[in-house]
file my_file01.pdb (PDB, C-alpha atoms)
ATOM      1  CA  MET A  12      11.709  -4.750  -1.260
ATOM      2  CA  ASN A  13      12.640  -1.208  -1.199
ATOM      3  CA  ARG A  14      16.063  -2.394  -2.331
ATOM      4  CA  LEU A  15      14.586  -2.302  -5.815
ATOM      5  CA  TYR A  16      13.898   1.428  -5.532
ATOM      6  CA  ALA A  17      17.445   2.108  -4.441
ATOM      7  CA  LEU A  18      18.926   0.113  -7.314
ATOM      8  CA  PHE A  19      16.685   1.070 -10.167
ATOM      9  CA  PHE A  20      14.317   3.888  -9.351
ATOM     10  CA  ILE A  21      16.779   6.394  -7.908
ATOM     11  CA  GLY A  22      14.933   6.048  -4.677
ATOM     12  CA  CYS A  23      11.871   4.381  -6.454
ATOM     13  CA  LEU A  24      10.223  -5.938  -4.420
ATOM     14  CA  SER A  25       1.119 -18.846   9.037
ATOM     15  CA  LEU A  26      -0.032 -15.741  10.988
ATOM     16  CA  SER A  27       1.745 -17.115  14.048
ATOM     17  CA  GLY A  28       5.257 -16.653  12.793
ATOM     18  CA  LEU A  29       7.585 -13.709  13.141
ATOM     19  CA  VAL A  30       4.961 -11.202  14.196
ATOM     20  CA  PHE A  31       4.706 -12.360  17.792
ATOM     21  CA  SER A  32       8.333 -11.476  18.372
ATOM     22  CA  PHE A  33       7.346  -7.846  17.744
ATOM     23  CA  TRP A  34       4.803  -7.507  20.520
ATOM     24  CA  SER A  35       5.892  -4.845  22.948
ATOM     25  CA  GLU A  36       6.628  -5.305  26.585
ATOM     26  CA  PRO A  37       3.857  -4.273  29.006
ATOM     27  CA  ALA A  38       3.420  -0.499  28.969
ATOM     28  CA  GLN A  39       5.125   1.383  31.747
ATOM     29  CA  PRO A  40       3.133   3.864  33.812
ATOM     30  CA  THR A  41       4.382   6.689  31.621
ATOM     31  CA  GLY A  42       3.048   4.986  28.486
ATOM     32  CA  SER A  43       6.534   4.213  27.168
ATOM     33  CA  ARG A  44       7.105   0.931  25.335
ATOM     34  CA  THR A  45       9.981  -1.150  24.006
ATOM     35  CA  LEU A  46       9.819  -3.460  20.996
ATOM     36  CA  VAL A  47      11.994  -5.075  18.345
ATOM     37  CA  ASP A  48      11.868  -4.136  14.643
ATOM     38  CA  PHE A  49      12.692  -6.061  11.457
ATOM     39  CA  ALA A  50      16.386  -5.243  11.786
ATOM     40  CA  GLY A  51      16.507  -6.739  15.285
ATOM     41  CA  ARG A  52      16.864  -3.272  16.797
ATOM     42  CA  THR A  53      15.319  -2.335  20.112
ATOM     43  CA  VAL A  54      12.965   0.607  19.613
ATOM     44  CA  HIS A  55      11.897   2.788  22.522
ATOM     45  CA  LEU A  56       8.578   4.571  22.147
ATOM     46  CA  LYS A  57       7.391   7.330  24.441
ATOM     47  CA  SER A  58       3.725   6.949  23.592
ATOM     48  CA  GLU A  59       1.171   4.157  23.302
ATOM     49  CA  GLN A  60      -0.320   5.877  20.277
ATOM     50  CA  PRO A  61       2.229   8.004  18.365
ATOM     51  CA  LYS A  62       0.582  10.998  16.714
ATOM     52  CA  ARG A  63       3.424  12.409  14.602
ATOM     53  CA  ILE A  64       4.591   9.829  12.041
ATOM     54  CA  ILE A  65       7.096  10.035   9.167
ATOM     55  CA  SER A  66       7.666   7.398   6.477
ATOM     56  CA  LEU A  67      10.952   7.029   4.589
ATOM     57  CA  SER A  68       9.724   4.492   2.025
ATOM     58  CA  PRO A  69       6.711   4.110  -0.307
ATOM     59  CA  SER A  70       5.908   0.643   1.033
ATOM     60  CA  ASN A  71       5.685   1.835   4.625
ATOM     61  CA  THR A  72       3.588   4.791   3.515
ATOM     62  CA  GLU A  73       1.115   2.371   1.947
ATOM     63  CA  ILE A  74       0.978   0.250   5.094
ATOM     64  CA  LEU A  75       0.228   3.337   7.182
ATOM     65  CA  TYR A  76      -2.609   4.363   4.903
ATOM     66  CA  ALA A  77      -3.999   0.815   4.903
ATOM     67  CA  LEU A  78      -4.213   1.170   8.683
ATOM     68  CA  GLU A  79      -6.134   4.451   8.277
ATOM     69  CA  LEU A  80      -3.276   6.518   9.666
ATOM     70  CA  GLY A  81      -3.055   9.150   6.950
ATOM     71  CA  ASP A  82      -4.120  11.894   9.347
ATOM     72  CA  ARG A  83      -1.148  11.146  11.601
ATOM     73  CA  LEU A  84       1.369  10.977   8.757
ATOM     74  CA  MET A  85       3.334  14.242   8.814
ATOM     75  CA  ALA A  86       5.705  13.710   5.898
ATOM     76  CA  VAL A  87       6.916  11.098   3.428
ATOM     77  CA  SER A  88       9.871  10.458   1.141
ATOM     78  CA  GLU A  89       9.919  10.843  -2.629
ATOM     79  CA  TYR A  90       7.885   8.301  -4.658
ATOM     80  CA  SER A  91       5.311   7.849  -1.903
ATOM     81  CA  ASP A  92       2.446   8.264  -4.343
ATOM     82  CA  TYR A  93      -0.234   5.863  -3.154
ATOM     83  CA  PRO A  94      -2.939   6.373  -2.192
ATOM     84  CA  PRO A  95      -3.398   9.696  -4.030
ATOM     85  CA  GLU A  96      -3.585  11.524  -0.700
ATOM     86  CA  ALA A  97       0.049  10.610  -0.065
ATOM     87  CA  LYS A  98       1.076  12.907  -2.923
ATOM     88  CA  GLN A  99      -0.130  15.865  -0.876
ATOM     89  CA  LYS A 100       2.076  15.135   2.118
ATOM     90  CA  PRO A 101       5.225  17.221   2.727
ATOM     91  CA  ARG A 102       8.415  15.615   1.358
ATOM     92  CA  ILE A 103      11.477  14.967   3.487
ATOM     93  CA  GLY A 104      13.860  14.166   0.621
ATOM     94  CA  GLY A 105      14.524  11.199  -1.616
ATOM     95  CA  PHE A 106      14.318   7.533  -0.706
ATOM     96  CA  GLN A 107      18.101   7.248  -0.544
ATOM     97  CA  SER A 108      18.746  10.714   0.841
ATOM     98  CA  PRO A 109      16.147  11.780   3.419
ATOM     99  CA  ASP A 110      16.730  15.209   4.947
ATOM    100  CA  ILE A 111      17.785  14.375   8.506
ATOM    101  CA  GLU A 112      17.668  17.951   9.785
ATOM    102  CA  GLN A 113      14.179  18.450   8.407
ATOM    103  CA  ILE A 114      12.972  15.215   9.982
ATOM    104  CA  ILE A 115      14.398  16.179  13.380
ATOM    105  CA  SER A 116      12.799  19.620  13.144
ATOM    106  CA  LEU A 117       9.369  18.018  12.751
ATOM    107  CA  HIS A 118       9.719  16.257  16.131
ATOM    108  CA  PRO A 119       8.200  12.934  15.047
ATOM    109  CA  ASP A 120       7.012  10.384  17.578
ATOM    110  CA  ILE A 121       8.127   7.588  15.227
ATOM    111  CA  VAL A 122       9.900   7.289  11.866
ATOM    112  CA  PHE A 123       9.363   4.193   9.726
ATOM    113  CA  ALA A 124      12.474   3.301   7.708
ATOM    114  CA  GLY A 125      13.686   0.524   5.408
ATOM    115  CA  SER A 126      16.764  -1.686   5.561
ATOM    116  CA  LEU A 127      18.712   0.584   3.203
ATOM    117  CA  HIS A 128      18.312   3.614   5.457
ATOM    118  CA  THR A 129      21.262   2.634   7.633
ATOM    119  CA  ARG A 130      22.806   6.102   7.841
ATOM    120  CA  ALA A 131      19.498   7.843   8.380
ATOM    121  CA  VAL A 132      18.528   5.371  11.105
ATOM    122  CA  ALA A 133      21.847   5.905  12.892
ATOM    123  CA  ALA A 134      21.639   9.694  12.643
ATOM    124  CA  LEU A 135      18.045   9.906  13.799
ATOM    125  CA  THR A 136      18.610   7.462  16.644
ATOM    126  CA  ALA A 137      21.608   9.489  17.798
ATOM    127  CA  ALA A 138      19.372  12.556  17.807
ATOM    128  CA  GLY A 139      16.855  10.784  20.030
ATOM    129  CA  VAL A 140      14.237  10.196  17.327
ATOM    130  CA  PRO A 141      12.501   6.787  17.589
ATOM    131  CA  VAL A 142      12.972   4.792  14.366
ATOM    132  CA  ALA A 143      11.486   1.418  13.403
ATOM    133  CA  VAL A 144      12.925  -0.495  10.453
ATOM    134  CA  VAL A 145      10.137  -2.300   8.598
ATOM    135  CA  GLU A 146      11.385  -4.340   5.626
ATOM    136  CA  PRO A 147       9.453  -7.524   4.714
ATOM    137  CA  LYS A 148      11.294 -10.106   2.595
ATOM    138  CA  THR A 149       8.325 -12.390   1.878
ATOM    139  CA  MET A 150       4.570 -12.076   1.576
ATOM    140  CA  GLN A 151       4.171 -13.690   4.984
ATOM    141  CA  GLU A 152       6.437 -11.014   6.388
ATOM    142  CA  VAL A 153       4.198  -8.352   4.861
ATOM    143  CA  LEU A 154       1.479  -9.630   7.177
ATOM    144  CA  ASP A 155       3.960  -9.437  10.050
ATOM    145  CA  ALA A 156       4.913  -5.900   9.016
ATOM    146  CA  VAL A 157       1.307  -4.723   9.000
ATOM    147  CA  LYS A 158       0.852  -6.177  12.485
ATOM    148  CA  LEU A 159       4.056  -4.578  13.732
ATOM    149  CA  VAL A 160       3.015  -1.150  12.444
ATOM    150  CA  GLY A 161      -0.338  -1.692  14.138
ATOM    151  CA  VAL A 162       1.406  -2.438  17.437
ATOM    152  CA  ILE A 163       3.679   0.596  17.154
ATOM    153  CA  THR A 164       0.829   2.963  16.326
ATOM    154  CA  GLY A 165      -1.632   1.531  18.809
ATOM    155  CA  GLU A 166      -3.958   0.339  16.048
ATOM    156  CA  GLN A 167      -3.860  -3.404  16.655
ATOM    157  CA  ASP A 168      -7.550  -3.884  15.908
ATOM    158  CA  VAL A 169      -7.249  -2.285  12.477
ATOM    159  CA  SER A 170      -4.056  -4.154  11.641
ATOM    160  CA  GLU A 171      -5.638  -7.441  12.702
ATOM    161  CA  ARG A 172      -8.575  -6.835  10.373
ATOM    162  CA  VAL A 173      -6.277  -5.960   7.470
ATOM    163  CA  THR A 174      -3.975  -8.947   7.968
ATOM    164  CA  VAL A 175      -6.853 -11.410   8.313
ATOM    165  CA  ASN A 176      -8.227 -10.282   4.938
ATOM    166  CA  LEU A 177      -4.834 -10.384   3.239
ATOM    167  CA  ALA A 178      -3.943 -13.753   4.750
ATOM    168  CA  ALA A 179      -7.224 -15.209   3.530
ATOM    169  CA  GLN A 180      -6.495 -13.969   0.018
ATOM    170  CA  LEU A 181      -2.988 -15.421   0.114
ATOM    171  CA  GLN A 182      -4.249 -18.803   1.302
ATOM    172  CA  THR A 183      -6.996 -18.897  -1.317
ATOM    173  CA  ILE A 184      -4.513 -18.367  -4.119
ATOM    174  CA  ARG A 185      -2.135 -20.930  -2.629
ATOM    175  CA  ASP A 186      -4.970 -23.450  -2.627
ATOM    176  CA  LEU A 187      -5.993 -22.640  -6.192
ATOM    177  CA  VAL A 188      -2.513 -23.001  -7.700
ATOM    178  CA  SER A 189      -1.162 -25.754  -5.467
ATOM    179  CA  LYS A 190      -2.129 -28.610  -7.794
ATOM    180  CA  GLN A 191      -1.236 -26.817 -11.017
ATOM    181  CA  PRO A 192       2.007 -27.377 -12.967
ATOM    182  CA  LYS A 193       4.635 -24.832 -11.960
ATOM    183  CA  GLN A 194       5.336 -22.218 -14.634
ATOM    184  CA  ARG A 195       8.996 -21.241 -15.138
ATOM    185  CA  VAL A 196       9.226 -17.460 -14.932
ATOM    186  CA  PHE A 197      11.908 -14.924 -15.848
ATOM    187  CA  LEU A 198      11.234 -11.516 -14.337
ATOM    188  CA  GLU A 199      12.956  -8.496 -15.877
ATOM    189  CA  VAL A 200      13.254  -5.681 -13.354
ATOM    190  CA  TRP A 201      15.426  -3.324 -15.394
ATOM    191  CA  ASP A 202      16.812  -3.106 -18.909
ATOM    192  CA  GLU A 203      19.866  -0.807 -18.742
ATOM    193  CA  PRO A 204      21.581  -2.780 -17.330
ATOM    194  CA  PHE A 205      19.544  -5.910 -18.013
ATOM    195  CA  MET A 206      18.584  -7.283 -14.582
ATOM    196  CA  THR A 207      16.485 -10.003 -12.998
ATOM    197  CA  ILE A 208      15.825 -11.442  -9.536
ATOM    198  CA  GLY A 209      17.616 -14.084  -7.498
ATOM    199  CA  ALA A 210      16.423 -16.254  -4.630
ATOM    200  CA  LYS A 211      16.629 -13.522  -1.984
ATOM    201  CA  SER A 212      14.412 -11.071  -3.798
ATOM    202  CA  TYR A 213      11.013 -10.296  -2.366
ATOM    203  CA  LEU A 214       9.694 -10.656  -5.915
ATOM    204  CA  SER A 215      10.916 -14.245  -6.071
ATOM    205  CA  ASP A 216       8.567 -15.091  -3.219
ATOM    206  CA  ILE A 217       5.606 -13.500  -5.033
ATOM    207  CA  VAL A 218       6.387 -15.632  -8.087
ATOM    208  CA  ALA A 219       6.455 -18.736  -5.896
ATOM    209  CA  GLN A 220       3.192 -17.880  -4.134
ATOM    210  CA  ALA A 221       1.541 -17.372  -7.538
ATOM    211  CA  GLY A 222       2.468 -20.910  -8.553
ATOM    212  CA  GLY A 223       5.639 -20.179 -10.465
ATOM    213  CA  ILE A 224       9.341 -20.948 -10.354
ATOM    214  CA  ASN A 225      11.881 -18.154 -10.586
ATOM    215  CA  VAL A 226      14.268 -19.560 -13.206
ATOM    216  CA  ALA A 227      17.125 -17.587 -11.633
ATOM    217  CA  GLY A 228      16.150 -18.758  -8.162
ATOM    218  CA  ASP A 229      19.324 -20.794  -7.725
ATOM    219  CA  LYS A 230      21.316 -17.569  -7.394
ATOM    220  CA  PRO A 231      21.743 -16.564  -3.719
ATOM    221  CA  THR A 232      21.158 -12.859  -4.279
ATOM    222  CA  ASP A 233      18.287 -10.412  -4.582
ATOM    223  CA  TYR A 234      18.891  -8.572  -7.879
ATOM    224  CA  MET A 235      21.449  -9.513 -10.511
ATOM    225  CA  THR A 236      22.569  -8.592 -14.001
ATOM    226  CA  SER A 237      21.747 -10.913 -16.881
ATOM    227  CA  ASP A 238      22.593 -11.304 -20.560
ATOM    228  CA  PHE A 239      21.054 -13.006 -23.591
ATOM    229  CA  GLU A 240      23.191 -16.120 -23.270
ATOM    230  CA  TYR A 241      22.085 -16.662 -19.683
ATOM    231  CA  LEU A 242      18.455 -15.934 -20.559
ATOM    232  CA  TYR A 243      18.461 -18.451 -23.416
ATOM    233  CA  SER A 244      20.010 -21.063 -21.137
ATOM    234  CA  LEU A 245      16.993 -20.605 -18.861
ATOM    235  CA  ASP A 246      14.430 -20.391 -21.693
ATOM    236  CA  PRO A 247      11.458 -19.583 -19.429
ATOM    237  CA  ASP A 248       7.825 -20.466 -20.105
ATOM    238  CA  ILE A 249       6.726 -16.961 -19.144
ATOM    239  CA  TYR A 250       8.565 -13.649 -19.393
ATOM    240  CA  ILE A 251       7.419 -10.819 -17.124
ATOM    241  CA  ALA A 252       8.726  -7.277 -17.336
ATOM    242  CA  VAL A 253       8.143  -4.749 -14.582
ATOM    243  CA  ASN A 254       6.610  -1.536 -15.925
ATOM    244  CA  HIS A 255       7.974   1.521 -14.107
ATOM    245  CA  ILE A 256       4.884   3.680 -14.434
ATOM    246  CA  GLY A 257       6.021   6.242 -11.885
ATOM    247  CA  LEU A 258       9.117   6.905 -13.975
ATOM    248  CA  GLY A 259       7.182   6.930 -17.245
ATOM    249  CA  ARG A 260       9.290   4.027 -18.396
ATOM    250  CA  THR A 261       8.450   0.725 -20.078
ATOM    251  CA  LEU A 262      11.146  -1.935 -20.190
ATOM    252  CA  LYS A 263      12.140  -2.797 -23.736
ATOM    253  CA  MET A 264      14.328  -5.899 -23.654
ATOM    254  CA  SER A 265      11.445  -8.230 -24.550
ATOM    255  CA  ASN A 266      11.218  -6.460 -27.932
ATOM    256  CA  HIS A 267      14.910  -6.883 -28.726
ATOM    257  CA  PRO A 268      15.563  -8.841 -31.981
ATOM    258  CA  TRP A 269      17.742 -11.290 -30.082
ATOM    259  CA  MET A 270      14.757 -12.269 -27.945
ATOM    260  CA  GLN A 271      12.536 -13.530 -30.747
ATOM    261  CA  ASN A 272      13.590 -17.197 -30.493
ATOM    262  CA  LEU A 273      12.919 -17.322 -26.770
ATOM    263  CA  ARG A 274      10.174 -19.807 -25.887
ATOM    264  CA  ALA A 275       8.075 -17.227 -24.009
ATOM    265  CA  VAL A 276       8.272 -14.766 -26.906
ATOM    266  CA  LYS A 277       7.342 -17.370 -29.536
ATOM    267  CA  THR A 278       4.333 -18.536 -27.518
ATOM    268  CA  GLY A 279       3.122 -15.018 -26.732
ATOM    269  CA  GLN A 280       3.851 -15.329 -23.026
ATOM    270  CA  VAL A 281       5.410 -11.900 -22.488
ATOM    271  CA  HIS A 282       3.592  -9.795 -19.907
ATOM    272  CA  TYR A 283       4.033  -6.352 -18.352
ATOM    273  CA  VAL A 284       3.085  -5.737 -14.718
ATOM    274  CA  PRO A 285       3.089  -2.340 -12.944
ATOM    275  CA  ASP A 286       6.036  -1.963 -10.603
ATOM    276  CA  ASP A 287       4.099  -0.449  -7.712
ATOM    277  CA  ILE A 288       2.004  -3.572  -7.090
ATOM    278  CA  LEU A 289       5.072  -5.802  -7.248
ATOM    279  CA  SER A 290       8.042  -3.855  -5.939
ATOM    280  CA  ARG A 291       6.596  -2.432  -2.735
ATOM    281  CA  PRO A 292       6.160  -5.031   0.008
ATOM    282  CA  GLY A 293       2.839  -3.861   1.393
ATOM    283  CA  PRO A 294      -0.899  -4.480   1.105
ATOM    284  CA  ARG A 295      -0.940  -3.921  -2.661
ATOM    285  CA  SER A 296       1.558  -6.755  -3.098
ATOM    286  CA  PHE A 297      -1.481  -8.997  -2.821
ATOM    287  CA  GLU A 298      -2.917  -7.281  -5.901
ATOM    288  CA  GLY A 299       0.352  -8.102  -7.645
ATOM    289  CA  LEU A 300       0.009 -11.693  -6.479
ATOM    290  CA  VAL A 301      -3.425 -11.947  -8.111
ATOM    291  CA  VAL A 302      -2.105 -10.448 -11.358
ATOM    292  CA  LEU A 303       0.775 -12.942 -11.466
ATOM    293  CA  ALA A 304      -1.477 -15.880 -10.620
ATOM    294  CA  LYS A 305      -3.794 -14.918 -13.484
ATOM    295  CA  ILE A 306      -0.828 -14.779 -15.869
ATOM    296  CA  LEU A 307       0.638 -18.084 -14.711
ATOM    297  CA  HIS A 308      -2.622 -19.979 -14.303
ATOM    298  CA  PRO A 309      -5.355 -18.198 -16.310
ATOM    299  CA  GLU A 310      -7.750 -21.141 -16.382
ATOM    300  CA  ILE A 311      -7.749 -21.833 -12.665
ATOM    301  CA  MET A 312      -7.992 -18.096 -11.893
ATOM    302  CA  LYS A 313     -11.017 -17.471 -14.122
ATOM    303  CA  SER A 314     -13.283 -17.668 -11.109
ATOM    304  CA  TRP A 315     -11.368 -14.929  -9.275
ATOM    305  CA  ALA A 316     -13.433 -11.759  -8.947
ATOM    306  CA  ASN A 317     -11.839  -8.774 -10.688
TER     307      ASN A 317
END

call {"tool": "encode", "arguments": {"input": "my_file01.pdb", "output": "structure tokens"}}
result
Amino acid sequence: MNRLYALFFIGCLSLSGLVFSFWSEPAQPTGSRTLVDFAGRTVHLKSEQPKRIISLSPSNTEILYALELGDRLMAVSEYSDYPPEAKQKPRIGGFQSPDIEQIISLHPDIVFAGSLHTRAVAALTAAGVPVAVVEPKTMQEVLDAVKLVGVITGEQDVSERVTVNLAAQLQTIRDLVSKQPKQRVFLEVWDEPFMTIGAKSYLSDIVAQAGGINVAGDKPTDYMTSDFEYLYSLDPDIYIAVNHIGLGRTLKMSNHPWMQNLRAVKTGQVHYVPDDILSRPGPRSFEGLVVLAKILHPEIMKSWAN
């Protein structure tokens, strides 16, 4: 998910599955623990309840706040802007270029990183700073990520409560849209260059969970460039553009003269969705799921409480 920030934002997409592989080994007498993160790395923690936490990505920042850990969050990276309290936290550099020396000087008990923070993870690990890579690739893995963060921070009860609520919402929407015709969706994530999502994108999974089909889902990649010829060959039922509110930018390709004969444009099925509820794999992704489900299946979603 945070891959989208690296590409386009200059640093700005069953509860019994993966999560159980994250449970730590029994605590040693000293309180130290060992667990495995999303990158398959072994993470050594010196405390059962880390007090000094740093987040290198907006999605992980949002997970931490969802687990009521804002008071333990020492610093965050650029674009960590939700909830509003996150804006007040000290910054440790951009998403792609966190300040390693500054992070080390803060003596964190744990740093939460994403899959694109390879260099930062290596440097911090070499300096003896515990780092956990948390990078969900599907909505189910978001639930796993919330549980993992709960295990790391010693807040399993809170994370269990959060994941139960989110899982119930996910299952309810699955049930509502399961018998509806699948809508063919093209999702524009950037306009210069013109880009969409392939099968490996986190956003492709959200489209699927909302009862849609990613028309570029046969491409084995996450994000990819597109052109008008390719778009017209797909001719989607629904066209969704990601609005980059944090950058003060609205994508404009849907208004291009060459787009006017596209099925979705002619039928008025062009929609704009805020990037922060789609592009950050965290608790608010489930808000994005509801928004997409309402776009794809407005009739069946009429009963959904706003």

call {"tool": "residues_near_point", "arguments": {"input": "my_file01.pdb", "point": "(6.4, -2.5, 12.1)", "cutoff": "7 Å", "atoms": "only C-alpha atoms", "output": "NGL selection string"}}
result
:A and (48 or 143 or 145 or 156-160 or 163)

call {"tool": "atom_distance", "arguments": {"input": "my_file01.pdb", "atom1": "atom CA of A:Lys277", "atom2": "atom CA of A:Val226"}}
result
17.9 Å

call {"tool": "resolve_selection", "arguments": {"input": "my_file01.pdb", "expression": "the PyMOL selection byres ((chain A and resi 189) around 12)", "output": "list in words"}}
result
Leu181, Gln182, Thr183, Ile184, Arg185, Asp186, Leu187, Val188, Lys190, Gln191, Pro192, Lys193, Gln194, Ala219, Gln220, Ala221, Gly222, Gly223, Ala304, His308 and Ile311 of chain A

call {"tool": "write_last_selection", "arguments": {"input": "my_file01.pdb", "atoms": "C-alpha atoms", "output": "short mmCIF file (atom, residue, chain, number, x, y, z; two decimals), in the coordinates of the input"}}
result
data_model
loop_
_atom_site.label_atom_id
_atom_site.label_comp_id
_atom_site.auth_asym_id
_atom_site.auth_seq_id
_atom_site.Cartn_x
_atom_site.Cartn_y
_atom_site.Cartn_z
CA LEU A 181 -2.99 -15.42 0.11
CA GLN A 182 -4.25 -18.80 1.30
CA THR A 183 -7.00 -18.90 -1.32
CA ILE A 184 -4.51 -18.37 -4.12
CA ARG A 185 -2.13 -20.93 -2.63
CA ASP A 186 -4.97 -23.45 -2.63
CA LEU A 187 -5.99 -22.64 -6.19
CA VAL A 188 -2.51 -23.00 -7.70
CA LYS A 190 -2.13 -28.61 -7.79
CA GLN A 191 -1.24 -26.82 -11.02
CA PRO A 192 2.01 -27.38 -12.97
CA LYS A 193 4.64 -24.83 -11.96
CA GLN A 194 5.34 -22.22 -14.63
CA ALA A 219 6.46 -18.74 -5.90
CA GLN A 220 3.19 -17.88 -4.13
CA ALA A 221 1.54 -17.37 -7.54
CA GLY A 222 2.47 -20.91 -8.55
CA GLY A 223 5.64 -20.18 -10.46
CA ALA A 304 -1.48 -15.88 -10.62
CA HIS A 308 -2.62 -19.98 -14.30
CA ILE A 311 -7.75 -21.83 -12.66
#

call {"tool": "resolve_selection", "arguments": {"input": "my_file01.pdb", "expression": "the PyMOL selection byres ((chain A and resi 116-124) around 6)", "output": "list of chain:residue names"}}
result
A:Pro61, A:Arg63, A:Ile64, A:Ile65, A:Ser66, A:Leu67, A:Gln113, A:Ile114, A:Ile115, A:Gly125, A:Pro141, A:Val142, A:Ala143, A:Val144

call {"tool": "resolve_selection", "arguments": {"input": "my_file01.pdb", "expression": "the PyMOL selection byres ((chain A and resi 230) around 12)", "output": "list in words"}}
result
Thr207, Ile208, Gly209, Ala210, Lys211, Ser212, Ser215, Asn225, Val226, Ala227, Gly228, Asp229, Pro231, Thr232, Asp233, Tyr234, Met235, Thr236 and Ser237 of chain A

call {"tool": "closest_residue", "arguments": {"input": "my_file01.pdb", "among": "A:Ala178, A:Ile224, A:Ala252, A:Ile111", "to": "A:Trp201", "atoms": "all atoms listed in the file"}}
result
A:Ala252

call {"tool": "closest_residue", "arguments": {"input": "my_file01.pdb", "among": "A:Glu171, A:Asp216, A:Glu146, A:Glu79", "to": "A:Val196", "atoms": "all atoms listed in the file"}}
result
A:Asp216

call {"tool": "atom_distance", "arguments": {"input": "my_file01.pdb", "atom1": "atom CA of A:Ser290", "atom2": "atom CA of A:Arg102"}}
result
20.8 Å

call {"tool": "atom_distance", "arguments": {"input": "my_file01.pdb", "atom1": "atom CA of A:Lys305", "atom2": "atom CA of A:Gln180"}}
result
13.8 Å

call {"tool": "residues_around", "arguments": {"input": "my_file01.pdb", "residues": "A:Arg274", "least_positions_apart": "4", "cutoff": "7 Å", "atoms": "only C-alpha atoms", "output": "number ranges by chain"}}
result
A: 246-248, 278

call {"tool": "write_last_selection", "arguments": {"input": "my_file01.pdb", "atoms": "C-alpha atoms", "output": "PDB file, keeping the file's coordinate frame"}}
result
ATOM      1  CA  ASP A 246      14.430 -20.391 -21.693  1.00  0.00           C
ATOM      2  CA  PRO A 247      11.458 -19.583 -19.429  1.00  0.00           C
ATOM      3  CA  ASP A 248       7.825 -20.466 -20.105  1.00  0.00           C
ATOM      4  CA  THR A 278       4.333 -18.536 -27.518  1.00  0.00           C
TER       5      THR A 278
END

call {"tool": "closest_residue", "arguments": {"input": "my_file01.pdb", "among": "A:Pro147, A:Gly81, A:Gly104, A:Gly279", "to": "A:Thr164", "atoms": "only C-alpha atoms"}}
result
A:Gly81

call {"tool": "closest_residue", "arguments": {"input": "my_file01.pdb", "among": "A:Val284, A:Met312, A:Val132, A:Leu56", "to": "A:Val200", "atoms": "all atoms listed in the file"}}
result
A:Val284

call {"tool": "closest_residue", "arguments": {"input": "my_file01.pdb", "among": "A:Val153, A:Met206, A:Ile288, A:Val162", "to": "A:Ser58", "atoms": "only C-alpha atoms"}}
result
A:Val162

call {"tool": "residues_around", "arguments": {"input": "my_file01.pdb", "residues": "A:His55", "least_positions_apart": "4", "cutoff": "8 Å", "atoms": "all atoms listed in the file", "output": "number ranges by chain"}}
result
A: 43-46, 141

call {"tool": "closest_residue", "arguments": {"input": "my_file01.pdb", "among": "A:Ala137, A:Leu198, A:Val253, A:Leu80", "to": "A:Asp286", "atoms": "all atoms listed in the file"}}
result
A:Val253

call {"tool": "residues_around", "arguments": {"input": "my_file01.pdb", "residues": "A:Ile74", "least_positions_apart": "4", "cutoff": "7 Å", "atoms": "all atoms listed in the file", "output": "PyMOL selection string"}}
result
chain A and resi 70+78+157+293-294

call {"tool": "residues_around", "arguments": {"input": "my_file01.pdb", "residues": "stretch 148-151 of chain A", "least_positions_apart": "4", "cutoff": "7 Å", "atoms": "all atoms listed in the file", "output": "JSON, numbers by chain"}}
result
{"A": [12, 155, 213, 216, 217]}

call {"tool": "residues_around", "arguments": {"input": "my_file01.pdb", "residues": "A:Lys98", "least_positions_apart": "6", "cutoff": "12 Å", "atoms": "all atoms listed in the file", "output": "PyMOL selection string"}}
result
chain A and resi 69+72-73+81+84+86-92

call {"tool": "decode", "arguments": {"input": "my_file01.pdb", "residues": "stretch 89-108 of chain A", "atoms": "C-alpha atoms", "output": "PDB file, in the first residue's frame"}}
result
ATOM      1  CA  GLU A  89       5.792  13.141   6.480  1.00  0.00           C
ATOM      2  CA  TYR A  90       2.139  12.771   5.367  1.00  0.00           C
ATOM      3  CA  SER A  91       1.090  11.149   8.637  1.00  0.00           C
ATOM      4  CA  ASP A  92      -1.903  13.446   8.958  1.00  0.00           C
ATOM      5  CA  TYR A  93      -4.647  11.307  10.460  1.00  0.00           C
ATOM      6  CA  PRO A  94      -6.061  11.553  12.998  1.00  0.00           C
ATOM      7  CA  PRO A  95      -5.526  15.320  13.392  1.00  0.00           C
ATOM      8  CA  GLU A  96      -3.385  14.703  16.474  1.00  0.00           C
ATOM      9  CA  ALA A  97      -0.800  13.009  14.263  1.00  0.00           C
ATOM     10  CA  LYS A  98      -0.061  16.370  12.634  1.00  0.00           C
ATOM     11  CA  GLN A  99       1.331  17.583  15.948  1.00  0.00           C
ATOM     12  CA  LYS A 100       3.894  14.810  16.282  1.00  0.00           C
ATOM     13  CA  PRO A 101       7.585  15.520  15.564  1.00  0.00           C
ATOM     14  CA  ARG A 102       8.658  14.602  12.009  1.00  0.00           C
ATOM     15  CA  ILE A 103      11.557  12.285  11.263  1.00  0.00           C
ATOM     16  CA  GLY A 104      11.793  13.043   7.534  1.00  0.00           C
ATOM     17  CA  GLY A 105       9.904  12.030   4.427  1.00  0.00           C
ATOM     18  CA  PHE A 106       8.308   8.681   3.689  1.00  0.00           C
ATOM     19  CA  GLN A 107      11.122   7.738   1.321  1.00  0.00           C
ATOM     20  CA  SER A 108      13.905   9.444   3.241  1.00  0.00           C
TER      21      SER A 108
END
